[in-house]
file model_35.txt (compact mmCIF, C-alpha atoms)
# COMPACT_ATOMS: atom_id res chain seq x y z
CA MET A 19 -18.28 0.94 -19.65
CA ILE A 20 -16.31 0.91 -16.42
CA THR A 21 -18.48 1.01 -13.31
CA LEU A 22 -17.87 1.23 -9.59
CA HIS A 23 -17.89 -2.58 -9.36
CA HIS A 24 -14.85 -2.86 -11.62
CA TYR A 25 -12.84 -0.65 -9.31
CA LEU A 26 -14.07 -2.38 -6.17
CA VAL A 27 -13.25 -5.86 -7.49
CA LEU A 28 -9.79 -4.68 -8.57
CA ALA A 29 -9.22 -3.19 -5.12
CA VAL A 30 -10.38 -6.43 -3.47
CA LEU A 31 -7.94 -8.42 -5.64
CA LEU A 32 -5.02 -6.14 -4.77
CA PHE A 33 -5.90 -6.10 -1.08
CA CYS A 34 -6.05 -9.90 -1.00
CA ILE A 35 -2.68 -10.16 -2.75
CA GLY A 36 -1.38 -8.04 0.13
CA VAL A 37 -3.04 -10.35 2.68
CA PHE A 38 -1.51 -13.33 0.87
CA GLY A 39 1.93 -11.74 1.12
CA VAL A 40 1.56 -11.09 4.84
CA ILE A 41 0.40 -14.66 5.51
CA VAL A 42 2.83 -16.57 3.30
CA ARG A 43 6.06 -14.61 3.18
CA ARG A 44 8.42 -14.69 6.15
CA ASN A 45 10.73 -11.93 4.95
CA VAL A 46 9.94 -8.90 7.11
CA LEU A 47 10.61 -6.41 4.29
CA ILE A 48 8.20 -8.13 1.92
CA ILE A 49 5.56 -8.33 4.67
CA PHE A 50 6.01 -4.60 5.12
CA MET A 51 5.66 -3.94 1.38
CA SER A 52 2.49 -6.06 1.32
CA ILE A 53 1.04 -3.79 4.02
CA GLU A 54 1.81 -0.78 1.82
CA LEU A 55 0.02 -2.52 -1.05
CA MET A 56 -3.04 -3.09 1.15
CA LEU A 57 -3.09 0.60 2.15
CA SER A 58 -2.96 1.57 -1.52
CA ALA A 59 -5.83 -0.78 -2.38
CA VAL A 60 -7.92 0.91 0.32
CA ASN A 61 -7.04 4.27 -1.23
CA LEU A 62 -8.41 2.99 -4.52
CA VAL A 63 -11.74 2.21 -2.82
CA PHE A 64 -11.84 5.68 -1.26
CA LEU A 65 -11.25 7.33 -4.63
CA ALA A 66 -13.71 5.10 -6.48
CA PHE A 67 -16.47 6.01 -4.03
CA SER A 68 -15.42 9.65 -4.05
CA ARG A 69 -15.85 9.72 -7.84
CA TYR A 70 -19.04 7.63 -7.68
CA LEU A 71 -20.74 9.99 -5.23
CA GLY A 72 -19.23 13.12 -6.76
CA ASN A 73 -17.94 14.14 -3.34
CA ALA A 74 -14.32 15.18 -2.85
CA ASP A 75 -14.21 14.30 0.87
CA GLY A 76 -12.88 10.83 0.08
CA GLN A 77 -9.77 12.36 -1.46
CA ILE A 78 -9.03 14.12 1.83
CA TRP A 79 -9.08 10.76 3.58
CA VAL A 80 -6.71 9.35 0.98
CA PHE A 81 -4.41 12.22 1.92
CA MET A 82 -4.66 11.14 5.58
CA VAL A 83 -3.95 7.51 4.67
CA LEU A 84 -0.88 8.60 2.72
CA THR A 85 0.36 10.47 5.80
CA VAL A 86 -0.18 7.42 7.97
CA ALA A 87 1.64 5.27 5.40
CA ALA A 88 4.61 7.62 5.40
CA ALA A 89 4.77 7.68 9.20
CA GLU A 90 4.38 3.91 9.34
CA ALA A 91 7.15 3.38 6.79
CA ALA A 92 9.56 5.62 8.72
CA VAL A 93 8.91 4.01 12.11
CA GLY A 94 8.60 0.47 10.75
CA LEU A 95 11.86 0.63 8.84
CA GLY A 96 13.50 2.08 11.95
CA ILE A 97 12.25 -0.93 13.90
CA ILE A 98 13.58 -3.28 11.20
CA VAL A 99 17.02 -1.64 11.33
CA ALA A 100 17.07 -1.80 15.15
CA LEU A 101 15.97 -5.44 15.01
CA PHE A 102 18.61 -6.31 12.45
CA ARG A 103 21.28 -4.71 14.64
CA ASN A 104 20.32 -6.97 17.57
CA LYS A 105 19.68 -10.14 15.60
CA PRO A 106 20.95 -10.24 12.03
CA THR A 107 18.03 -11.92 10.34
CA LEU A 108 15.26 -10.77 8.02
CA TYR A 109 12.92 -13.65 8.80
CA VAL A 110 10.10 -13.15 11.26
CA ASP A 111 10.00 -16.81 12.29
CA GLU A 112 13.55 -16.54 13.65
CA VAL A 113 12.64 -13.62 15.87
CA ASN A 114 11.13 -15.62 18.71
CA GLU A 115 12.94 -14.23 21.73
CA LEU A 116 9.70 -13.53 23.59
CA LYS A 117 8.64 -17.19 23.38
CA GLY A 118 8.82 -18.70 26.90
CA MET B 29 -10.67 3.93 -24.56
CA GLU B 30 -11.44 4.15 -20.85
CA THR B 31 -12.28 0.45 -20.72
CA SER B 32 -9.03 -0.66 -22.34
CA LEU B 33 -7.01 1.70 -20.13
CA PHE B 34 -8.68 0.26 -17.05
CA TYR B 35 -7.95 -3.32 -18.06
CA ILE B 36 -4.36 -2.58 -19.10
CA PHE B 37 -3.42 -0.75 -15.91
CA GLY B 38 -5.62 -2.82 -13.59
CA GLY B 39 -4.05 -5.98 -14.98
CA MET B 40 -0.62 -4.40 -14.69
CA ALA B 41 -1.28 -3.56 -11.03
CA VAL B 42 -2.41 -7.12 -10.24
CA VAL B 43 0.47 -8.79 -12.12
CA THR B 44 3.13 -6.55 -10.59
CA ALA B 45 1.61 -7.01 -7.12
CA LEU B 46 1.79 -10.79 -7.58
CA LEU B 47 5.39 -10.49 -8.77
CA MET B 48 6.17 -8.33 -5.73
CA VAL B 49 4.79 -10.91 -3.34
CA THR B 50 6.52 -13.90 -4.94
CA ARG B 51 10.05 -12.61 -5.66
CA GLN B 52 12.90 -13.98 -3.56
CA ASN B 53 15.05 -10.86 -3.43
CA PRO B 54 13.54 -7.90 -1.50
CA ILE B 55 15.11 -5.35 -3.83
CA VAL B 56 13.41 -6.92 -6.87
CA SER B 57 10.16 -6.89 -4.89
CA ALA B 58 10.60 -3.22 -4.08
CA LEU B 59 11.13 -2.34 -7.75
CA TRP B 60 8.01 -4.27 -8.79
CA LEU B 61 6.08 -2.43 -6.10
CA VAL B 62 7.21 0.87 -7.65
CA VAL B 63 5.77 -0.27 -11.01
CA CYS B 64 2.58 -1.26 -9.18
CA PHE B 65 2.29 2.19 -7.62
CA PHE B 66 2.63 3.78 -11.05
CA ALA B 67 -0.28 1.64 -12.29
CA PHE B 68 -2.22 2.78 -9.20
CA ALA B 69 -1.48 6.41 -10.11
CA VAL B 70 -2.95 5.89 -13.60
CA LEU B 71 -6.08 4.36 -12.06
CA PHE B 72 -6.34 7.35 -9.72
CA LEU B 73 -6.11 9.67 -12.74
CA MET B 74 -8.96 7.78 -14.37
CA LEU B 75 -11.03 8.46 -11.23
CA ASP B 76 -10.47 12.22 -11.63
CA ALA B 77 -8.13 12.38 -8.65
CA GLN B 78 -5.25 14.25 -10.23
CA PHE B 79 -3.86 15.66 -6.99
CA VAL B 80 -3.86 12.26 -5.27
CA ALA B 81 -2.29 10.62 -8.33
CA VAL B 82 0.62 13.06 -8.19
CA LEU B 83 0.90 12.49 -4.43
CA GLN B 84 0.93 8.74 -5.03
CA ILE B 85 3.95 9.02 -7.30
CA LEU B 86 5.76 11.63 -5.19
CA LEU B 87 5.11 10.01 -1.85
CA TYR B 88 4.85 6.28 -2.49
CA ALA B 89 6.99 5.67 -5.56
CA GLY B 90 9.30 8.49 -4.52
CA ALA B 91 9.76 8.85 -0.79
CA ILE B 92 8.55 5.58 0.75
CA MET B 93 10.09 3.23 -1.82
CA VAL B 94 13.40 5.12 -1.73
CA LEU B 95 13.36 4.60 2.03
CA PHE B 96 12.70 0.88 1.47
CA VAL B 97 15.51 0.47 -1.05
CA PHE B 98 17.80 2.47 1.22
CA VAL B 99 17.07 0.20 4.20
CA ILE B 100 17.44 -2.97 2.10
CA MET B 101 20.87 -1.81 0.98
CA LEU B 102 21.77 -0.68 4.50
CA LEU B 103 20.96 -4.11 5.94
CA ASN B 104 23.47 -5.68 3.54
CA VAL B 105 21.92 -9.15 3.39
CA ARG B 106 24.12 -11.82 1.86
CA GLU B 107 22.96 -13.90 -1.09
CA GLU B 108 22.78 -17.21 0.76
CA GLU B 109 20.44 -15.78 3.39
CA LEU B 110 17.79 -15.13 0.74
CA LYS B 111 16.76 -18.75 0.33
CA SER B 112 13.09 -19.49 0.20
CA ARG B 113 11.39 -19.68 3.58
CA VAL B 114 7.91 -20.39 2.29
CA LEU B 115 6.62 -23.48 4.01
CA GLN B 116 4.54 -25.72 1.77
CA PHE B 117 1.66 -25.74 4.22
CA SER B 118 1.54 -21.97 4.79
CA GLY B 119 1.54 -21.36 1.03
CA VAL B 120 -1.53 -23.54 0.55
CA LEU B 121 -3.19 -22.03 3.62
CA GLY B 122 -2.41 -18.47 2.57
CA GLY B 123 -3.66 -19.09 -0.96
CA LEU B 124 -6.91 -20.55 0.34
CA ALA B 125 -7.37 -17.67 2.79
CA ALA B 126 -6.74 -15.11 0.02
CA ILE B 127 -9.19 -16.82 -2.37
CA TYR B 128 -11.77 -17.01 0.42
CA LEU B 129 -11.36 -13.29 1.11
CA VAL B 130 -11.64 -12.44 -2.61
CA VAL B 131 -14.87 -14.43 -2.91
CA LEU B 132 -16.27 -13.01 0.34
CA PHE B 133 -15.55 -9.38 -0.54
CA GLY B 134 -16.44 -9.90 -4.21
CA VAL B 135 -19.87 -11.33 -3.42
CA GLY B 136 -20.48 -8.52 -0.92
CA VAL B 137 -19.49 -5.89 -3.47
CA MET B 138 -21.61 -7.41 -6.23
CA LYS B 139 -24.77 -7.38 -4.10
CA GLU B 140 -25.11 -3.61 -4.38
CA PRO B 141 -27.11 -2.34 -7.37
CA LEU B 142 -25.20 -0.73 -10.18
CA ALA B 143 -25.41 3.00 -10.88
CA PRO B 144 -23.30 5.15 -13.20
CA PHE B 145 -20.74 7.58 -11.81
CA ALA B 146 -22.13 10.93 -10.71
CA ALA B 147 -21.49 13.97 -12.86
CA VAL B 148 -18.70 16.08 -11.38
CA PRO B 149 -17.51 19.65 -11.96
CA ALA B 150 -14.54 20.16 -14.26
CA ASP B 151 -12.15 20.98 -11.41
CA PHE B 152 -13.00 17.85 -9.38
CA GLY B 153 -9.85 16.45 -7.78
CA LEU B 154 -7.58 19.33 -8.70
CA VAL B 155 -5.44 21.06 -6.10
CA ALA B 156 -7.70 24.09 -5.54
CA PRO B 157 -10.93 22.34 -4.42
CA ILE B 158 -9.00 19.75 -2.40
CA GLY B 159 -6.97 22.46 -0.70
CA ARG B 160 -10.07 24.49 0.04
CA LEU B 161 -11.71 21.47 1.66
CA LEU B 162 -8.51 20.61 3.54
CA PHE B 163 -8.19 24.06 5.11
CA THR B 164 -11.85 24.60 5.98
CA LYS B 165 -13.87 21.48 6.76
CA TYR B 166 -10.90 19.22 7.54
CA LEU B 167 -8.64 21.78 9.22
CA ILE B 168 -8.42 19.96 12.56
CA PRO B 169 -7.62 16.51 11.09
CA PHE B 170 -5.07 18.22 8.86
CA GLU B 171 -3.39 19.83 11.86
CA LEU B 172 -3.48 16.51 13.70
CA THR B 173 -1.52 14.90 10.85
CA SER B 174 1.37 17.19 11.78
CA VAL B 175 1.30 15.67 15.28
CA LEU B 176 1.34 12.22 13.67
CA LEU B 177 4.38 13.16 11.60
CA LEU B 178 6.09 14.53 14.72
CA VAL B 179 5.45 11.21 16.45
CA ALA B 180 6.93 9.42 13.42
CA ILE B 181 10.04 11.64 13.51
CA VAL B 182 10.56 11.06 17.24
CA GLY B 183 9.90 7.34 16.81
CA SER B 184 12.41 6.90 14.02
CA VAL B 185 15.05 8.89 15.92
CA VAL B 186 14.55 6.66 18.97
CA MET B 187 14.66 3.54 16.81
CA GLY B 188 17.85 4.74 15.16
CA LYS B 189 19.73 5.01 18.45
CA ARG B 190 22.77 2.79 18.80
CA LYS B 191 21.66 1.05 21.98
CA ILE B 192 18.02 0.05 22.25

call {"tool": "encode", "arguments": {"input": "model_35.txt", "output": "structure tokens"}}
result
Amino acid sequence: MITLHHYLVLAVLLFCIGVFGVIVRRNVLIIFMSIELMLSAVNLVFLAFSRYLGNADGQIWVFMVLTVAAAEAAVGLGIIVALFRNKPTLYVDEVNELKG
Amino acid sequence: METSLFYIFGGMAVVTALLMVTRQNPIVSALWLVVCFFAFAVLFLMLDAQFVAVLQILLYAGAIMVLFVFVIMLLNVREEELKSRVLQFSGVLGGLAAIYLVVLFGVGVMKEPLAPFAAVPADFGLVAPIGRLLFTKYLIPFELTSVLLLVAIVGSVVMGKRKI
């Protein structure tokens, strides 16, 4: 029998894998993909609670999160391309121009 | 049946997410993330969210990941630049932080008492009830998303300019 706890623990695991990627990896593309993974894990929590409470409102919020993810991907990848044009590196620890 | 499906696709999501985080080459990572999103879509289906599951595949595995792969190929990174940049110390630190977060959230989640899923109508999560809710109760947030998308369009056009 699969309960709400199963889904929540799975979502926690996936979210923390995303956090791990953001902390450990220095490749800006993989950091960005980890953020997408974290957004998806949050969607899983929304849907699990939506099903648990029998209330479809959570699915609307997943729709909103998907929109934000799409907007974020478009702008973020634009920033990465603009960054790469100015300084040809994919590694965030080499982008330290603002450091005094 | 439901239990085995949950473990198969939940395990698949976790394994592919780990593979995504640890691969050296961003394009391999992106492809593993696509597999992960498919596993997510199956989990969404098991939660009676058919509409969102289709959106997940169309939007994430389709649009967003195509954009990722497109940008990775556009950047044209050479092989020798893809060497590992994971510092020994940050790996240990990140692993500890992730395990701490898992335990913290896990204990918090487990505290709540267990109840079975509520009974839902047969059309729960299909397009019609979601659409009805979207255009009545959530009409203003829905219209505001169009403003958000406009901002994203303007932002990506500005970011794509030659001189910035």

call {"tool": "residues_near_point", "arguments": {"input": "model_35.txt", "point": "(-19.5, 10.4, -5.0)", "cutoff": "12 Å", "atoms": "all atoms listed in the file", "output": "PyMOL selection string"}}
result
(chain A and resi 22+63-77) or (chain B and resi 75-76+143-149+152-153)

call {"tool": "write_last_selection", "arguments": {"input": "model_35.txt", "atoms": "C-alpha atoms", "output": "tab-separated table (two decimals), in the frame of the given file"}}
result
chain	number	residue	atom	x	y	z
A	22	LEU	CA	-17.87	1.23	-9.59
A	63	VAL	CA	-11.74	2.21	-2.82
A	64	PHE	CA	-11.84	5.68	-1.26
A	65	LEU	CA	-11.25	7.33	-4.63
A	66	ALA	CA	-13.71	5.10	-6.48
A	67	PHE	CA	-16.47	6.01	-4.03
A	68	SER	CA	-15.42	9.65	-4.05
A	69	ARG	CA	-15.85	9.72	-7.84
A	70	TYR	CA	-19.04	7.63	-7.68
A	71	LEU	CA	-20.74	9.99	-5.23
A	72	GLY	CA	-19.23	13.12	-6.76
A	73	ASN	CA	-17.94	14.14	-3.34
A	74	ALA	CA	-14.32	15.18	-2.85
A	75	ASP	CA	-14.21	14.30	0.87
A	76	GLY	CA	-12.88	10.83	0.08
A	77	GLN	CA	-9.77	12.36	-1.46
B	75	LEU	CA	-11.03	8.46	-11.23
B	76	ASP	CA	-10.47	12.22	-11.63
B	143	ALA	CA	-25.41	3.00	-10.88
B	144	PRO	CA	-23.30	5.15	-13.20
B	145	PHE	CA	-20.74	7.58	-11.81
B	146	ALA	CA	-22.13	10.93	-10.71
B	147	ALA	CA	-21.49	13.97	-12.86
B	148	VAL	CA	-18.70	16.08	-11.38
B	149	PRO	CA	-17.51	19.65	-11.96
B	152	PHE	CA	-13.00	17.85	-9.38
B	153	GLY	CA	-9.85	16.45	-7.78

call {"tool": "atom_distance", "arguments": {"input": "model_35.txt", "atom1": "CA of Pro54 in chain B", "atom2": "CA of Gly123 in chain B"}}
result
20.5 Å

call {"tool": "closest_atom_pairs", "arguments": {"input": "model_35.txt", "of": "chain A", "to": "chain B", "cutoff": "6 Å", "atoms": "only C-alpha atoms", "output": "tab-separated table"}}
result
residue	atom	partner	partner_atom	distance
A:Ile20	CA	B:Thr31	CA	5.9
A:Cys34	CA	B:Ala126	CA	5.4
A:Phe38	CA	B:Gly122	CA	5.5
A:Gly39	CA	B:Val49	CA	5.4
A:Ile41	CA	B:Gly122	CA	5.6
A:Val42	CA	B:Gly119	CA	5.5
A:Tyr70	CA	B:Phe145	CA	4.5
A:Leu71	CA	B:Ala146	CA	5.7
A:Gly72	CA	B:Ala146	CA	5.4
A:Ala89	CA	B:Ala180	CA	5.0
A:Val93	CA	B:Ser184	CA	4.9
A:Gly96	CA	B:Met187	CA	5.2
A:Ile97	CA	B:Met187	CA	5.9

call {"tool": "closest_residue", "arguments": {"input": "model_35.txt", "among": "A:Ile53, A:Ala59, A:Glu115, A:Pro106", "to": "Glu90 in chain A", "atoms": "only C-alpha atoms"}}
result
A:Ile53

call {"tool": "atom_distance", "arguments": {"input": "model_35.txt", "atom1": "CA of Val175 in chain B", "atom2": "CA of Thr85 in chain A"}}
result
10.9 Å

call {"tool": "closest_residue", "arguments": {"input": "model_35.txt", "among": "B:Ile168, B:Ala150, B:Leu47, B:Val56", "to": "Met101 in chain B", "atoms": "all atoms listed in the file"}}
result
B:Val56
